[in-house]
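As stored in entry_24.tsv (TSV, C-alpha atoms):
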chain	number	residue	atom	x	y	z
A	1167	PHE	CA	216.25	61.65	185.11
A	1168	GLN	CA	214.48	58.61	186.47
A	1169	PRO	CA	212.71	57.12	183.45
A	1170	SER	CA	210.80	54.49	185.42
A	1171	ALA	CA	208.33	57.12	186.65
A	1172	THR	CA	207.09	57.75	183.10
A	1173	LEU	CA	207.87	54.61	181.06
A	1174	ARG	CA	205.31	52.13	179.79
A	1175	SER	CA	206.03	49.05	177.75
A	1176	ARG	CA	204.31	46.01	176.26
A	1177	GLY	CA	206.12	42.72	175.87
A	1178	GLY	CA	209.44	44.33	176.78
A	1179	GLN	CA	209.16	47.00	174.05
A	1180	LEU	CA	208.92	50.67	174.91
A	1181	GLU	CA	205.36	51.83	174.27
A	1182	ALA	CA	205.29	55.31	175.86
A	1183	TRP	CA	207.64	57.70	177.65
A	1184	ASP	CA	206.66	61.13	178.92
A	1185	THR	CA	209.73	63.18	177.97
A	1186	ALA	CA	208.42	66.60	179.07
A	1187	THR	CA	211.06	66.91	181.82
A	1188	VAL	CA	213.85	66.07	179.36
A	1189	ALA	CA	212.54	68.83	177.07
A	1190	GLN	CA	212.43	71.30	179.98
A	1191	ALA	CA	216.00	70.49	180.96
A	1192	LEU	CA	217.18	71.14	177.40
A	1193	GLU	CA	215.23	74.42	177.25
A	1194	ARG	CA	217.11	75.53	180.38
A	1195	GLY	CA	220.50	74.64	178.93
A	1196	LEU	CA	220.98	71.51	181.06
A	1197	VAL	CA	222.43	68.21	179.85
A	1198	PRO	CA	219.94	65.46	180.69
A	1199	ILE	CA	221.49	62.18	181.76
A	1200	VAL	CA	219.34	59.31	180.54
A	1201	HIS	CA	219.68	55.72	181.78
A	1202	GLY	CA	217.91	52.44	181.32
A	1203	ASP	CA	215.29	51.58	183.88
A	1204	VAL	CA	212.28	49.44	184.78
A	1205	ALA	CA	208.97	50.09	183.04
A	1206	PHE	CA	205.46	49.00	183.87
A	1207	ASP	CA	204.67	46.43	181.20
A	1208	ALA	CA	201.09	45.73	180.07
A	1209	ALA	CA	201.88	42.14	179.06
A	1210	GLN	CA	204.35	40.94	181.68
A	1211	GLY	CA	204.08	43.29	184.65
A	1212	SER	CA	207.49	44.92	184.30
A	1213	ALA	CA	210.35	45.12	181.83
A	1214	ILE	CA	213.84	46.55	181.61
A	1215	ILE	CA	214.14	49.28	178.99
A	1216	SER	CA	217.77	49.90	178.03
A	1217	THR	CA	219.48	53.25	177.71
A	1218	GLU	CA	219.86	52.58	174.01
A	1219	GLN	CA	216.11	52.01	173.60
A	1220	LEU	CA	215.47	55.35	175.31
A	1221	LEU	CA	218.00	57.14	173.10
A	1222	GLU	CA	216.33	55.59	170.06
A	1223	ALA	CA	212.98	56.99	171.29
A	1224	LEU	CA	214.51	60.46	171.71
A	1225	GLY	CA	215.79	60.21	168.15
A	1226	ARG	CA	212.21	59.90	166.91
A	1227	GLU	CA	211.22	63.22	168.53
A	1228	PRO	CA	212.52	66.13	166.42
A	1229	ALA	CA	212.75	68.54	169.36
A	1230	LEU	CA	214.68	66.03	171.49
A	1231	ARG	CA	217.05	64.44	168.99
A	1232	PRO	CA	220.49	64.14	170.54
A	1233	GLY	CA	223.43	65.83	168.86
A	1234	ARG	CA	225.95	63.69	170.71
A	1235	VAL	CA	225.58	60.53	172.78
A	1236	VAL	CA	228.13	59.42	175.36
A	1237	LEU	CA	227.61	55.95	176.83
A	1238	VAL	CA	229.54	55.45	180.06
A	1239	GLY	CA	230.48	52.07	181.48
A	1240	GLU	CA	232.46	50.11	178.93
A	1241	ALA	CA	235.85	51.37	177.78
A	1242	GLY	CA	234.83	50.74	174.19
A	1243	VAL	CA	234.02	48.01	171.71
A	1244	TYR	CA	236.66	45.34	171.17
A	1245	THR	CA	237.51	42.77	168.50
A	1246	ALA	CA	236.75	40.08	171.11
A	1247	ASP	CA	235.86	39.97	174.78
A	1248	PRO	CA	238.86	41.62	176.49
A	1249	ARG	CA	238.07	39.87	179.78
A	1250	SER	CA	238.58	36.44	178.26
A	1251	ASN	CA	240.90	37.25	175.35
A	1252	PRO	CA	243.99	39.31	176.21
A	1253	ALA	CA	244.67	39.80	172.48
A	1254	ALA	CA	241.40	41.72	172.03
A	1255	GLU	CA	241.93	45.20	170.63
A	1256	ARG	CA	239.76	48.25	171.10
A	1257	ILE	CA	238.03	49.34	167.91
A	1258	PRO	CA	238.53	53.12	167.77
A	1259	ARG	CA	235.76	53.83	165.25
A	1260	ILE	CA	232.77	51.89	163.95
A	1261	SER	CA	231.61	52.82	160.47
A	1262	ALA	CA	229.91	51.30	157.43
A	1263	GLN	CA	233.25	49.73	156.48
A	1264	ASN	CA	233.57	47.60	159.62
A	1265	ILE	CA	230.09	47.30	161.20
A	1266	ASP	CA	229.54	43.71	160.00
A	1267	ALA	CA	232.86	42.52	161.46
A	1268	VAL	CA	232.21	44.41	164.70
A	1269	LEU	CA	228.81	42.77	165.13
A	1270	ARG	CA	230.28	39.31	164.47
A	1271	GLY	CA	232.79	39.88	167.30
A	1272	ALA	CA	230.38	41.52	169.76
A	1273	GLY	CA	228.72	39.31	172.31
A	1274	GLY	CA	226.32	39.33	175.19
A	1275	SER	CA	227.06	40.54	178.68
A	1276	HIS	CA	229.09	38.96	181.46
A	1277	GLY	CA	226.39	39.04	184.10
A	1278	ALA	CA	222.66	39.22	184.28
A	1279	ASP	CA	221.73	41.64	181.50
A	1280	VAL	CA	218.37	41.31	179.83
A	1281	THR	CA	219.15	44.14	177.39
A	1282	GLY	CA	221.35	42.04	175.11
A	1283	GLY	CA	224.89	43.05	176.04
A	1284	MET	CA	227.41	44.74	173.75
A	1285	ARG	CA	225.97	43.36	170.52
A	1286	SER	CA	222.56	44.88	171.22
A	1287	LYS	CA	224.17	48.17	172.30
A	1288	VAL	CA	226.16	48.41	169.06
A	1289	GLU	CA	223.18	47.38	166.89
A	1290	LEU	CA	220.85	49.94	168.45
A	1291	MET	CA	223.41	52.74	168.34
A	1292	TRP	CA	224.34	51.90	164.74
A	1293	ARG	CA	220.67	52.09	163.81
A	1294	LEU	CA	220.44	55.46	165.59
A	1295	VAL	CA	223.43	56.99	163.76
A	1296	GLN	CA	221.92	55.78	160.48
A	1297	THR	CA	218.65	57.50	161.36
A	1298	LEU	CA	220.23	60.75	162.58
A	1299	PRO	CA	222.88	61.97	160.13
A	1300	GLY	CA	225.78	63.66	161.89
A	1301	LEU	CA	225.13	61.96	165.22
A	1302	GLN	CA	228.22	60.59	166.91
A	1303	VAL	CA	228.04	58.01	169.69
A	1304	GLN	CA	231.01	57.46	171.97
A	1305	LEU	CA	231.46	54.60	174.42
A	1306	ILE	CA	233.84	55.40	177.27
A	1307	GLY	CA	234.90	53.75	180.49
A	1308	PRO	CA	234.07	55.02	183.96
A	1309	GLU	CA	237.46	56.68	184.57
A	1310	PRO	CA	237.22	60.09	186.30
A	1311	GLY	CA	237.27	63.01	183.89
A	1312	LEU	CA	236.40	61.02	180.78
A	1313	LEU	CA	232.72	61.95	180.80
A	1314	ALA	CA	233.40	65.68	180.97
A	1315	ALA	CA	236.06	65.40	178.25
A	1316	ALA	CA	233.76	63.34	176.02
A	1317	LEU	CA	230.84	65.75	176.48
A	1318	LEU	CA	233.14	68.61	175.46
A	1319	GLY	CA	234.48	66.59	172.51
A	1320	ASN	CA	237.97	66.44	174.02
A	1321	ALA	CA	238.35	62.68	174.49
A	1322	PRO	CA	238.86	61.40	170.92
A	1323	ASP	CA	241.25	58.59	171.89
A	1324	ALA	CA	239.02	57.21	174.63
A	1325	GLY	CA	236.58	54.40	174.00
A	1326	THR	CA	234.95	53.75	170.67
A	1327	ILE	CA	233.16	56.17	168.38
A	1328	ILE	CA	230.21	54.99	166.30
A	1329	ALA	CA	229.55	57.29	163.37
A	1330	GLU	CA	228.40	57.04	159.78
Please express the file's structure as structure tokens.
Amino acid sequence: FQPSATLRSRGGQLEAWDTATVAQALERGLVPIVHGDVAFDAAQGSAIISTEQLLEALGREPALRPGRVVLVGEAGVYTADPRSNPAAERIPRISAQNIDAVLRGAGGSHGADVTGGMRSKVELMWRLVQTLPGLQVQLIGPEPGLLAAALLGNAPDAGTIIAE
């Protein structure tokens, strides 16, 4: 679903999102794929609204609360940046016991990314799992077949799981 057609923001913060088509997809048994996008912004003209911000907004709507979130793109969360530190290890599960250490090791993005990089992604998703008991968030890489396996709950060793 192309969020930019129905997003509005102010100062880079999501202000409104018409989610009627997401609700219709769910009613018809479809799995809506949500992604970050550009929003018309009342203060600055336009803004980038991240996938995580949109998922957080869905979490505030009882009829649209996700039961499972799969974020595709990064192979997981690591103890350090794996592109610059070959000793970095993938963190299989983020929980209350390790969230502080994970956030200390998480950084920004490698390229132009106004959404805050991995640290922001982990912070927003941690906040979402705290808000929605039982929600599990999984970060997986773009390898073929991983998305389908993760959606079916059959990819437990792939990526990183964030859960309370």
Find the spatial neighbours of A:Ser1170, counting all atoms listed in the file, within a cut-off of 10 Å - ignore same-chain residues fewer than 5 positions away - and output them as number ranges by chain.
A: 1183, 1201-1206, 1214-1215
Mind writing the picked residues with C-alpha atoms as an mmCIF file, in the frame of the given file?
data_model
loop_
_atom_site.group_PDB
_atom_site.id
_atom_site.type_symbol
_atom_site.label_atom_id
_atom_site.label_comp_id
_atom_site.auth_asym_id
_atom_site.auth_seq_id
_atom_site.Cartn_x
_atom_site.Cartn_y
_atom_site.Cartn_z
ATOM 1 C CA TRP A 1183 207.640 57.700 177.650
ATOM 2 C CA HIS A 1201 219.680 55.720 181.780
ATOM 3 C CA GLY A 1202 217.910 52.440 181.320
ATOM 4 C CA ASP A 1203 215.290 51.580 183.880
ATOM 5 C CA VAL A 1204 212.280 49.440 184.780
ATOM 6 C CA ALA A 1205 208.970 50.090 183.040
ATOM 7 C CA PHE A 1206 205.460 49.000 183.870
ATOM 8 C CA ILE A 1214 213.840 46.550 181.610
ATOM 9 C CA ILE A 1215 214.140 49.280 178.990
#
Provide the atom CA of A:Ala1267 to atom CA of A:Asp1247 distance in Å, to one decimal place.
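Interatomic distance here is 13.9 Å.
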Could you put an axis-aligned box around every listed atom of stretch 1258-1272 of chain A, padded by 3 Å on each side, and send me its centre and edge lengths in Å to one decimal, as lines of an AutoDock Vina configuration file?
center_x = 233.7
center_y = 46.6
center_z = 163.1
size_x = 15.7
size_y = 20.5
size_z = 19.3
Considering all atoms listed in the file, return as an mmCIF file with C-alpha atoms, in the coordinates of the input whatever protein or nucleic-acid residues lie within 10 Å of stretch 1298-1313 of chain A, sequence-local ones (same chain, fewer than 2 positions apart) excluded.
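For reference, part_29.cif as written:
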data_model
loop_
_atom_site.group_PDB
_atom_site.id
_atom_site.type_symbol
_atom_site.label_atom_id
_atom_site.label_comp_id
_atom_site.auth_asym_id
_atom_site.auth_seq_id
_atom_site.Cartn_x
_atom_site.Cartn_y
_atom_site.Cartn_z
ATOM 1 C CA GLU A 1222 216.330 55.590 170.060
ATOM 2 C CA GLY A 1225 215.790 60.210 168.150
ATOM 3 C CA ARG A 1226 212.210 59.900 166.910
ATOM 4 C CA ARG A 1231 217.050 64.440 168.990
ATOM 5 C CA PRO A 1232 220.490 64.140 170.540
ATOM 6 C CA GLY A 1233 223.430 65.830 168.860
ATOM 7 C CA ARG A 1234 225.950 63.690 170.710
ATOM 8 C CA VAL A 1235 225.580 60.530 172.780
ATOM 9 C CA VAL A 1236 228.130 59.420 175.360
ATOM 10 C CA LEU A 1237 227.610 55.950 176.830
ATOM 11 C CA VAL A 1238 229.540 55.450 180.060
ATOM 12 C CA GLY A 1239 230.480 52.070 181.480
ATOM 13 C CA GLU A 1240 232.460 50.110 178.930
ATOM 14 C CA ALA A 1241 235.850 51.370 177.780
ATOM 15 C CA GLY A 1242 234.830 50.740 174.190
ATOM 16 C CA VAL A 1243 234.020 48.010 171.710
ATOM 17 C CA PRO A 1258 238.530 53.120 167.770
ATOM 18 C CA ARG A 1259 235.760 53.830 165.250
ATOM 19 C CA ILE A 1260 232.770 51.890 163.950
ATOM 20 C CA LYS A 1287 224.170 48.170 172.300
ATOM 21 C CA VAL A 1288 226.160 48.410 169.060
ATOM 22 C CA MET A 1291 223.410 52.740 168.340
ATOM 23 C CA TRP A 1292 224.340 51.900 164.740
ATOM 24 C CA ARG A 1293 220.670 52.090 163.810
ATOM 25 C CA LEU A 1294 220.440 55.460 165.590
ATOM 26 C CA VAL A 1295 223.430 56.990 163.760
ATOM 27 C CA GLN A 1296 221.920 55.780 160.480
ATOM 28 C CA ALA A 1315 236.060 65.400 178.250
ATOM 29 C CA ALA A 1316 233.760 63.340 176.020
ATOM 30 C CA LEU A 1317 230.840 65.750 176.480
ATOM 31 C CA LEU A 1318 233.140 68.610 175.460
ATOM 32 C CA GLY A 1319 234.480 66.590 172.510
ATOM 33 C CA ASN A 1320 237.970 66.440 174.020
ATOM 34 C CA ALA A 1321 238.350 62.680 174.490
ATOM 35 C CA PRO A 1322 238.860 61.400 170.920
ATOM 36 C CA ASP A 1323 241.250 58.590 171.890
ATOM 37 C CA ALA A 1324 239.020 57.210 174.630
ATOM 38 C CA GLY A 1325 236.580 54.400 174.000
ATOM 39 C CA THR A 1326 234.950 53.750 170.670
ATOM 40 C CA ILE A 1327 233.160 56.170 168.380
ATOM 41 C CA ILE A 1328 230.210 54.990 166.300
ATOM 42 C CA ALA A 1329 229.550 57.290 163.370
ATOM 43 C CA GLU A 1330 228.400 57.040 159.780
#
What is the distance between atom CA of A:Ala1229 and atom CA of A:Ile1265, in Å to one decimal?
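Between atom CA of A:Ala1229 and atom CA of A:Ile1265 the gap is 28.6 Å.
Between A:Val1200 and the candidates A:Ala1246, A:Leu1290, A:Ile1257, A:Leu1224, the tightest atom-to-atom separation, counting all atoms listed in the file, involves A:Leu1224.
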A:Gln1219 proximity check over A:Thr1297, A:Gln1179, A:Thr1185, A:Thr1245, using all atoms listed in the file: winner is A:Gln1179
Could you state the separation of atom CA of A:Glu1227 and atom CA of A:Ala1209 in Å, given to one decimal place?
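So the two atoms, atom CA of A:Glu1227 and atom CA of A:Ala1209, lie 25.3 Å apart.
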Among listed residues A:Gly1178, A:Pro1228, A:Ala1213, A:Pro1169, nearest A:Ile1199 (using all atoms listed in the file)
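So, comparing all the options, the nearest one is A:Pro1169.
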Which of A:Met1284, A:Ala1253, A:Val1197, A:Asp1184 sits closest to A:Leu1220 [using only C-alpha atoms]
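Distance minimum relative to A:Leu1220 lands on A:Asp1184.
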Is it possible to produce a file of stretch 1184-1222 of chain A from this structure, with N, CA and C atoms, as an mmCIF file, in the first residue's frame?
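What ended up in out-v5.cif:
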data_model
loop_
_atom_site.group_PDB
_atom_site.id
_atom_site.type_symbol
_atom_site.label_atom_id
_atom_site.label_comp_id
_atom_site.auth_asym_id
_atom_site.auth_seq_id
_atom_site.Cartn_x
_atom_site.Cartn_y
_atom_site.Cartn_z
ATOM 1 N N ASP A 1184 -4.973 7.905 6.588
ATOM 2 C CA ASP A 1184 -6.234 7.239 6.284
ATOM 3 C C ASP A 1184 -5.928 5.759 6.045
ATOM 4 N N THR A 1185 -6.297 4.924 6.991
ATOM 5 C CA THR A 1185 -5.960 3.496 6.946
ATOM 6 C C THR A 1185 -7.131 2.625 6.483
ATOM 7 N N ALA A 1186 -8.140 3.225 5.860
ATOM 8 C CA ALA A 1186 -9.318 2.456 5.436
ATOM 9 C C ALA A 1186 -8.941 1.312 4.492
ATOM 10 N N THR A 1187 -8.004 1.525 3.575
ATOM 11 C CA THR A 1187 -7.638 0.447 2.653
ATOM 12 C C THR A 1187 -6.893 -0.674 3.365
ATOM 13 N N VAL A 1188 -6.124 -0.354 4.379
ATOM 14 C CA VAL A 1188 -5.457 -1.392 5.180
ATOM 15 C C VAL A 1188 -6.517 -2.233 5.882
ATOM 16 N N ALA A 1189 -7.531 -1.580 6.445
ATOM 17 C CA ALA A 1189 -8.614 -2.300 7.119
ATOM 18 C C ALA A 1189 -9.360 -3.202 6.136
ATOM 19 N N GLN A 1190 -9.623 -2.706 4.929
ATOM 20 C CA GLN A 1190 -10.323 -3.516 3.924
ATOM 21 C C GLN A 1190 -9.501 -4.730 3.521
ATOM 22 N N ALA A 1191 -8.216 -4.559 3.383
ATOM 23 C CA ALA A 1191 -7.351 -5.691 3.029
ATOM 24 C C ALA A 1191 -7.434 -6.761 4.112
ATOM 25 N N LEU A 1192 -7.350 -6.357 5.363
ATOM 26 C CA LEU A 1192 -7.428 -7.314 6.468
ATOM 27 C C LEU A 1192 -8.781 -8.025 6.497
ATOM 28 N N GLU A 1193 -9.857 -7.280 6.247
ATOM 29 C CA GLU A 1193 -11.198 -7.875 6.218
ATOM 30 C C GLU A 1193 -11.306 -8.949 5.142
ATOM 31 N N ARG A 1194 -10.527 -8.805 4.078
ATOM 32 C CA ARG A 1194 -10.575 -9.756 2.962
ATOM 33 C C ARG A 1194 -9.520 -10.860 3.090
ATOM 34 N N GLY A 1195 -8.859 -10.902 4.252
ATOM 35 C CA GLY A 1195 -7.879 -11.950 4.487
ATOM 36 C C GLY A 1195 -6.536 -11.730 3.813
ATOM 37 N N LEU A 1196 -6.250 -10.505 3.405
ATOM 38 C CA LEU A 1196 -4.979 -10.182 2.762
ATOM 39 C C LEU A 1196 -3.970 -9.703 3.801
ATOM 40 N N VAL A 1197 -2.696 -9.830 3.487
ATOM 41 C CA VAL A 1197 -1.630 -9.346 4.361
ATOM 42 C C VAL A 1197 -1.132 -8.021 3.782
ATOM 43 N N PRO A 1198 -1.474 -6.901 4.419
ATOM 44 C CA PRO A 1198 -1.012 -5.620 3.888
ATOM 45 C C PRO A 1198 0.483 -5.438 4.135
ATOM 46 N N ILE A 1199 1.164 -4.994 3.108
ATOM 47 C CA ILE A 1199 2.587 -4.678 3.222
ATOM 48 C C ILE A 1199 2.681 -3.166 3.373
ATOM 49 N N VAL A 1200 3.230 -2.733 4.491
ATOM 50 C CA VAL A 1200 3.329 -1.309 4.804
ATOM 51 C C VAL A 1200 4.794 -0.908 4.696
ATOM 52 N N HIS A 1201 5.042 0.272 4.146
ATOM 53 C CA HIS A 1201 6.417 0.775 4.024
ATOM 54 C C HIS A 1201 6.450 2.266 4.284
ATOM 55 N N GLY A 1202 7.608 2.731 4.688
ATOM 56 C CA GLY A 1202 7.782 4.159 4.899
ATOM 57 C C GLY A 1202 7.632 4.913 3.595
ATOM 58 N N ASP A 1203 7.291 6.181 3.694
ATOM 59 C CA ASP A 1203 7.025 6.946 2.483
ATOM 60 C C ASP A 1203 7.082 8.445 2.787
ATOM 61 N N VAL A 1204 6.874 9.241 1.768
ATOM 62 C CA VAL A 1204 6.853 10.692 1.881
ATOM 63 C C VAL A 1204 5.453 11.136 2.292
ATOM 64 N N ALA A 1205 5.381 12.131 3.150
ATOM 65 C CA ALA A 1205 4.099 12.706 3.552
ATOM 66 C C ALA A 1205 4.104 14.201 3.243
ATOM 67 N N PHE A 1206 2.930 14.734 2.950
ATOM 68 C CA PHE A 1206 2.800 16.183 2.885
ATOM 69 C C PHE A 1206 2.914 16.688 4.314
ATOM 70 N N ASP A 1207 3.763 17.684 4.514
ATOM 71 C CA ASP A 1207 4.031 18.176 5.859
ATOM 72 C C ASP A 1207 3.603 19.642 5.962
ATOM 73 N N ALA A 1208 2.747 19.938 6.930
ATOM 74 C CA ALA A 1208 2.206 21.289 7.098
ATOM 75 C C ALA A 1208 3.275 22.311 7.465
ATOM 76 N N ALA A 1209 4.351 21.895 8.097
ATOM 77 C CA ALA A 1209 5.378 22.844 8.545
ATOM 78 C C ALA A 1209 6.542 22.971 7.572
ATOM 79 N N GLN A 1210 6.887 21.871 6.903
ATOM 80 C CA GLN A 1210 8.105 21.902 6.075
ATOM 81 C C GLN A 1210 7.897 21.452 4.634
ATOM 82 N N GLY A 1211 6.672 21.271 4.218
ATOM 83 C CA GLY A 1211 6.395 20.896 2.835
ATOM 84 C C GLY A 1211 6.261 19.393 2.641
ATOM 85 N N SER A 1212 7.300 18.660 3.043
ATOM 86 C CA SER A 1212 7.256 17.197 2.958
ATOM 87 C C SER A 1212 8.139 16.613 4.055
ATOM 88 N N ALA A 1213 7.901 15.341 4.343
ATOM 89 C CA ALA A 1213 8.686 14.643 5.361
ATOM 90 C C ALA A 1213 8.693 13.161 5.036
ATOM 91 N N ILE A 1214 9.719 12.480 5.497
ATOM 92 C CA ILE A 1214 9.776 11.027 5.374
ATOM 93 C C ILE A 1214 9.199 10.436 6.656
ATOM 94 N N ILE A 1215 8.221 9.566 6.492
ATOM 95 C CA ILE A 1215 7.622 8.861 7.626
ATOM 96 C C ILE A 1215 8.081 7.410 7.517
ATOM 97 N N SER A 1216 8.754 6.929 8.538
ATOM 98 C CA SER A 1216 9.347 5.585 8.484
ATOM 99 C C SER A 1216 8.298 4.491 8.627
ATOM 100 N N THR A 1217 8.668 3.307 8.193
ATOM 101 C CA THR A 1217 7.822 2.127 8.364
ATOM 102 C C THR A 1217 7.471 1.947 9.831
ATOM 103 N N GLU A 1218 8.451 2.142 10.692
ATOM 104 C CA GLU A 1218 8.234 1.946 12.122
ATOM 105 C C GLU A 1218 7.225 2.947 12.684
ATOM 106 N N GLN A 1219 7.257 4.186 12.189
ATOM 107 C CA GLN A 1219 6.266 5.174 12.625
ATOM 108 C C GLN A 1219 4.861 4.740 12.192
ATOM 109 N N LEU A 1220 4.751 4.179 10.993
ATOM 110 C CA LEU A 1220 3.448 3.721 10.513
ATOM 111 C C LEU A 1220 2.961 2.526 11.328
ATOM 112 N N LEU A 1221 3.861 1.612 11.652
ATOM 113 C CA LEU A 1221 3.472 0.457 12.471
ATOM 114 C C LEU A 1221 3.027 0.904 13.860
ATOM 115 N N GLU A 1222 3.712 1.908 14.392
ATOM 116 C CA GLU A 1222 3.327 2.458 15.690
ATOM 117 C C GLU A 1222 1.910 3.044 15.614
#
